[in-house]
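Peer 1: Please read through the structure below; I'll follow up with questions.
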Amino acid sequence: MYLSLFLHSFCYNHTMYMFYKFCFSLFILFFFTACSPLMTSSDRYNVEACRTELFDAKDYDPDEGIDYILVVKKERKMYLYKNGEVQYTVPVSLGKNPVGAKQKKGDNKTPEGEFFIHRKLCSAKYYRSLCISYPRPEDKKRAKRRGLDPGKDITIHAQPVWNADGKADAYTLSKDWTEGCIAITNSAMKQLWHAVHEGVPITIR
């Protein structure tokens, strides 16, 4: 009888041990496959290399240059022009509240109007960014009359770190997910980055 109880206890404890070991293994597998894109330093964007490129003026190729950008919000598309002709069409994502022009900070709307690219930024969060000249003086005046903060830091930027490899491009492009910026894929940004210099006009409508 004692031997039977011992064997029963041993088998039960061994089974529970194997079960907990299996659960722990699943947790470790999930942690390192699902979370590592956010945590592994090797997956982060190389900001220093990007800044070196800017410092050395290797961020613009005149042969690939474009001279005008048009973003049509309803179509979720960006049209890149040179000498009056469309050179490329790029799919985009917009602010989470895309309908209508931006009115204030936090409304998650993408601005509408005539702007220009006033700066290039290397981003540890979104790969690379092209800063848009919002808010303009008229945007500030309109917001001030209403007692609002017009917001700022509107850019064309690439993908978040977790999609650095581009495998989720179809997913991110199927949604409007920014806080008012215009998001494109990393591959599109690589092309746009070298095709745009500061001062290029952009229309958003």
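Naming scheme: A, B, ... for chains in displayed order of the structure tokens; residues 1 onward per chain; ligands 1 onward as shown.
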Determine which residues of region 47-113 of chain A DSSP labels as strand (DSSP E or B) from the backbone of this structure, then write them out as a list in words.

Peer 2: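 So the strand (DSSP E or B) residues in region 47-113 of chain A would be Tyr68, Ile69, Leu70, Val71, Val72, Lys77, Met78, Tyr79, Leu80, Tyr81, Lys82, Glu85, Val86, Gln87, Tyr88, Thr89, Val90, Pro91, Ser93, Gly95 and Gly113 of chain A.
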
Peer 1: As a list in words, please: the residues near Asp153 (chain A) (cut-off 8 Å, only C-alpha atoms, same-chain neighbours under 6 positions excluded).

Peer 2: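 My reading of the contact set: Cys131, Ile132 and Tyr134 of chain A.
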
Peer 1: Using backbone DSSP assignments, extract all alpha helix (DSSP H) residues from region 47-187 of chain A; output them as a PyMOL selection string.

Peer 2: chain A and resi 47-55+137-145+169-173+186-187

Peer 1: Just N, CA and C atoms for this one: save the residues we selected as an mmCIF file, in the first residue's frame.

Peer 2:
data_model
loop_
_atom_site.group_PDB
_atom_site.id
_atom_site.type_symbol
_atom_site.label_atom_id
_atom_site.label_comp_id
_atom_site.auth_asym_id
_atom_site.auth_seq_id
_atom_site.Cartn_x
_atom_site.Cartn_y
_atom_site.Cartn_z
ATOM 1 N N VAL A 47 20.780 55.558 -35.228
ATOM 2 C CA VAL A 47 20.636 57.009 -35.322
ATOM 3 C C VAL A 47 21.976 57.668 -35.648
ATOM 4 N N GLU A 48 23.048 57.159 -35.085
ATOM 5 C CA GLU A 48 24.356 57.783 -35.305
ATOM 6 C C GLU A 48 24.780 57.690 -36.774
ATOM 7 N N ALA A 49 24.526 56.556 -37.393
ATOM 8 C CA ALA A 49 24.864 56.405 -38.809
ATOM 9 C C ALA A 49 24.053 57.373 -39.655
ATOM 10 N N CYS A 50 22.798 57.539 -39.282
ATOM 11 C CA CYS A 50 21.928 58.474 -39.993
ATOM 12 C C CYS A 50 22.421 59.910 -39.829
ATOM 13 N N ARG A 51 22.806 60.271 -38.616
ATOM 14 C CA ARG A 51 23.305 61.630 -38.371
ATOM 15 C C ARG A 51 24.611 61.893 -39.109
ATOM 16 N N THR A 52 25.446 60.885 -39.211
ATOM 17 C CA THR A 52 26.688 61.018 -39.970
ATOM 18 C C THR A 52 26.386 61.285 -41.441
ATOM 19 N N GLU A 53 25.374 60.604 -41.950
ATOM 20 C CA GLU A 53 24.953 60.815 -43.332
ATOM 21 C C GLU A 53 24.497 62.249 -43.553
ATOM 22 N N LEU A 54 23.741 62.784 -42.601
ATOM 23 C CA LEU A 54 23.298 64.175 -42.697
ATOM 24 C C LEU A 54 24.486 65.129 -42.622
ATOM 25 N N PHE A 55 25.380 64.869 -41.686
ATOM 26 C CA PHE A 55 26.540 65.742 -41.487
ATOM 27 C C PHE A 55 27.425 65.771 -42.733
ATOM 28 N N PRO A 137 1.991 80.437 -39.373
ATOM 29 C CA PRO A 137 1.469 81.592 -38.620
ATOM 30 C C PRO A 137 -0.048 81.625 -38.579
ATOM 31 N N GLU A 138 -0.697 81.299 -39.701
ATOM 32 C CA GLU A 138 -2.167 81.323 -39.718
ATOM 33 C C GLU A 138 -2.773 80.234 -38.840
ATOM 34 N N ASP A 139 -2.086 79.094 -38.738
ATOM 35 C CA ASP A 139 -2.564 78.022 -37.856
ATOM 36 C C ASP A 139 -2.478 78.459 -36.398
ATOM 37 N N LYS A 140 -1.386 79.156 -36.062
ATOM 38 C CA LYS A 140 -1.213 79.638 -34.694
ATOM 39 C C LYS A 140 -2.259 80.692 -34.345
ATOM 40 N N LYS A 141 -2.528 81.597 -35.288
ATOM 41 C CA LYS A 141 -3.513 82.658 -35.041
ATOM 42 C C LYS A 141 -4.908 82.069 -34.859
ATOM 43 N N ARG A 142 -5.263 81.136 -35.728
ATOM 44 C CA ARG A 142 -6.587 80.525 -35.641
ATOM 45 C C ARG A 142 -6.763 79.799 -34.305
ATOM 46 N N ALA A 143 -5.738 79.066 -33.892
ATOM 47 C CA ALA A 143 -5.814 78.347 -32.624
ATOM 48 C C ALA A 143 -5.870 79.316 -31.447
ATOM 49 N N LYS A 144 -5.091 80.405 -31.530
ATOM 50 C CA LYS A 144 -5.071 81.383 -30.444
ATOM 51 C C LYS A 144 -6.432 82.031 -30.257
ATOM 52 N N ARG A 145 -7.123 82.346 -31.367
ATOM 53 C CA ARG A 145 -8.460 82.949 -31.279
ATOM 54 C C ARG A 145 -9.433 82.038 -30.543
ATOM 55 N N ASP A 169 4.018 45.605 -42.859
ATOM 56 C CA ASP A 169 3.639 46.785 -43.635
ATOM 57 C C ASP A 169 2.175 46.748 -44.074
ATOM 58 N N ALA A 170 1.711 45.590 -44.517
ATOM 59 C CA ALA A 170 0.319 45.478 -44.969
ATOM 60 C C ALA A 170 -0.638 45.811 -43.828
ATOM 61 N N TYR A 171 -0.275 45.401 -42.616
ATOM 62 C CA TYR A 171 -1.116 45.682 -41.451
ATOM 63 C C TYR A 171 -1.113 47.170 -41.110
ATOM 64 N N THR A 172 0.071 47.779 -41.016
ATOM 65 C CA THR A 172 0.139 49.189 -40.615
ATOM 66 C C THR A 172 -0.476 50.097 -41.677
ATOM 67 N N LEU A 173 -0.317 49.757 -42.950
ATOM 68 C CA LEU A 173 -0.891 50.586 -44.014
ATOM 69 C C LEU A 173 -2.405 50.430 -44.130
ATOM 70 N N ASN A 186 9.296 51.772 -44.324
ATOM 71 C CA ASN A 186 10.731 52.062 -44.257
ATOM 72 C C ASN A 186 11.361 52.059 -45.649
ATOM 73 N N SER A 187 10.941 51.136 -46.499
ATOM 74 C CA SER A 187 11.498 51.082 -47.847
ATOM 75 C C SER A 187 11.152 52.337 -48.631
#

Peer 1: Which one is closest to Thr203 (chain A): A:Ile156, A:Ala57, A:Val72, A:Ile66? Count only C-alpha atoms.

Peer 2: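 With only C-alpha atoms as the atom set, the closest residue is A:Val72.
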
Peer 1: Rounded to one decimal, what separation in Å do you get between CA of Leu94 (chain A) and CA of Lys109 (chain A)?

Peer 2: 7.7 Å

Peer 1: Neighbouring residues of Ile184 (chain A) were defined as those with any atom within 8 Å, considering only C-alpha atoms; residues of the same chain fewer than 5 positions away were excluded. Please report them as a PyMOL selection string.

Peer 2: chain A and resi 90-93+156-159+173+189

Peer 1: Can those selected residues be exported to a file as a short mmCIF file (atom, residue, chain, number, x, y, z; two decimals), in the first residue's frame so that it contains C-alpha atoms?

Peer 2:
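Now in again03.cif:
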data_model
loop_
_atom_site.label_atom_id
_atom_site.label_comp_id
_atom_site.auth_asym_id
_atom_site.auth_seq_id
_atom_site.Cartn_x
_atom_site.Cartn_y
_atom_site.Cartn_z
CA VAL A 90 3.40 55.99 -52.07
CA PRO A 91 0.67 54.53 -49.80
CA VAL A 92 0.36 56.29 -46.43
CA SER A 93 -1.27 56.06 -43.02
CA ILE A 156 6.37 62.23 -42.60
CA HIS A 157 7.89 59.31 -40.74
CA ALA A 158 8.57 55.62 -41.26
CA GLN A 159 7.63 52.58 -39.20
CA LEU A 173 -0.89 50.59 -44.01
CA MET A 189 11.31 56.35 -46.63
#

Peer 1: Taking only C-alpha atoms into account, which of A:Pro98, A:Leu80, A:Tyr45, A:Asp63 comes nearest Leu192 (chain A)?

Peer 2: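 Smallest distance to Leu192 (chain A) is found for A:Leu80.
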
Peer 1: Write out as an MDAnalysis selection string each polymer residue whose atoms come within 7 Å of Arg205 (chain A), counting only C-alpha atoms; drop sequence neighbours fewer than 3 positions from it.

Peer 2: chainID A and resid 71:73 112:113

Peer 1: Could you dump the residues just selected with C-alpha atoms as a short mmCIF file (atom, residue, chain, number, x, y, z; two decimals), in the first residue's frame?

Peer 2:
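Output file out_23.cif is given in full below:
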data_model
loop_
_atom_site.label_atom_id
_atom_site.label_comp_id
_atom_site.auth_asym_id
_atom_site.auth_seq_id
_atom_site.Cartn_x
_atom_site.Cartn_y
_atom_site.Cartn_z
CA VAL A 71 -0.78 63.95 -50.09
CA VAL A 72 -4.42 63.11 -50.81
CA LYS A 73 -5.87 62.04 -47.47
CA GLU A 112 -4.32 70.21 -44.41
CA GLY A 113 -2.92 73.02 -46.55
#

Peer 1: For Asn108 (chain A), list every protein, DNA or RNA residue within 9 Å, evaluated using only C-alpha atoms, and leave out those in the same chain fewer than 5 positions away; present the list as a PyMOL selection string.

Peer 2: chain A and resi 94-98+102+177-181

Peer 1: Write out as a short mmCIF file (atom, residue, chain, number, x, y, z; two decimals) with N, CA and C atoms, in the first residue's frame each polymer residue whose atoms come within 7 Å of Arg119 (chain A), counting only C-alpha atoms; drop sequence neighbours fewer than 2 positions from it.

Peer 2:
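Result saved to out.cif:
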data_model
loop_
_atom_site.label_atom_id
_atom_site.label_comp_id
_atom_site.auth_asym_id
_atom_site.auth_seq_id
_atom_site.Cartn_x
_atom_site.Cartn_y
_atom_site.Cartn_z
N ILE A 117 8.90 71.06 -46.44
CA ILE A 117 9.77 70.23 -45.60
C ILE A 117 10.86 71.14 -45.04
N LEU A 121 15.08 64.49 -39.82
CA LEU A 121 15.41 63.98 -38.49
C LEU A 121 15.71 62.49 -38.53
N LEU A 130 10.73 63.39 -41.98
CA LEU A 130 10.79 64.66 -42.68
C LEU A 130 9.81 65.61 -42.00
N CYS A 131 10.32 66.67 -41.42
CA CYS A 131 9.47 67.59 -40.64
C CYS A 131 8.69 68.52 -41.56
N GLU A 198 15.54 70.00 -47.92
CA GLU A 198 14.78 70.98 -47.15
C GLU A 198 14.26 72.07 -48.08
#

Peer 1: Rank A:Gly151, A:Gly84, A:Gly106, A:Gly65 by their smallest atom-to-atom distance to His197 (chain A), using only C-alpha atoms, and report the top residue only.

Peer 2: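 Answer, going by the shortest atom-to-atom distance: A:Gly65.
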
Peer 1: For Met78 (chain A), which of A:Val200, A:Ala195, A:Ala183, A:Val161 is the closest residue, counting only C-alpha atoms?

Peer 2: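 Closest to Met78 (chain A) of all the choices is A:Ala183.
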
Peer 1: Any idea what the distance is between CA of Ala164 (chain A) and CA of Lys74 (chain A)?

Peer 2: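 Between CA of Ala164 (chain A) and CA of Lys74 (chain A) the gap is 26.4 Å.
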
Peer 1: What is the CA of Lys167 (chain A) to CA of Pro111 (chain A) distance in Å?

Peer 2: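 Straight-line distance from CA of Lys167 (chain A) to CA of Pro111 (chain A) works out to 28.5 Å.
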
Peer 1: Of the candidates A:Tyr88, A:Tyr60, A:Phe116, A:Tyr79, which one gets nearest to Ile202 (chain A) if we count only C-alpha atoms?

Peer 2: A:Phe116
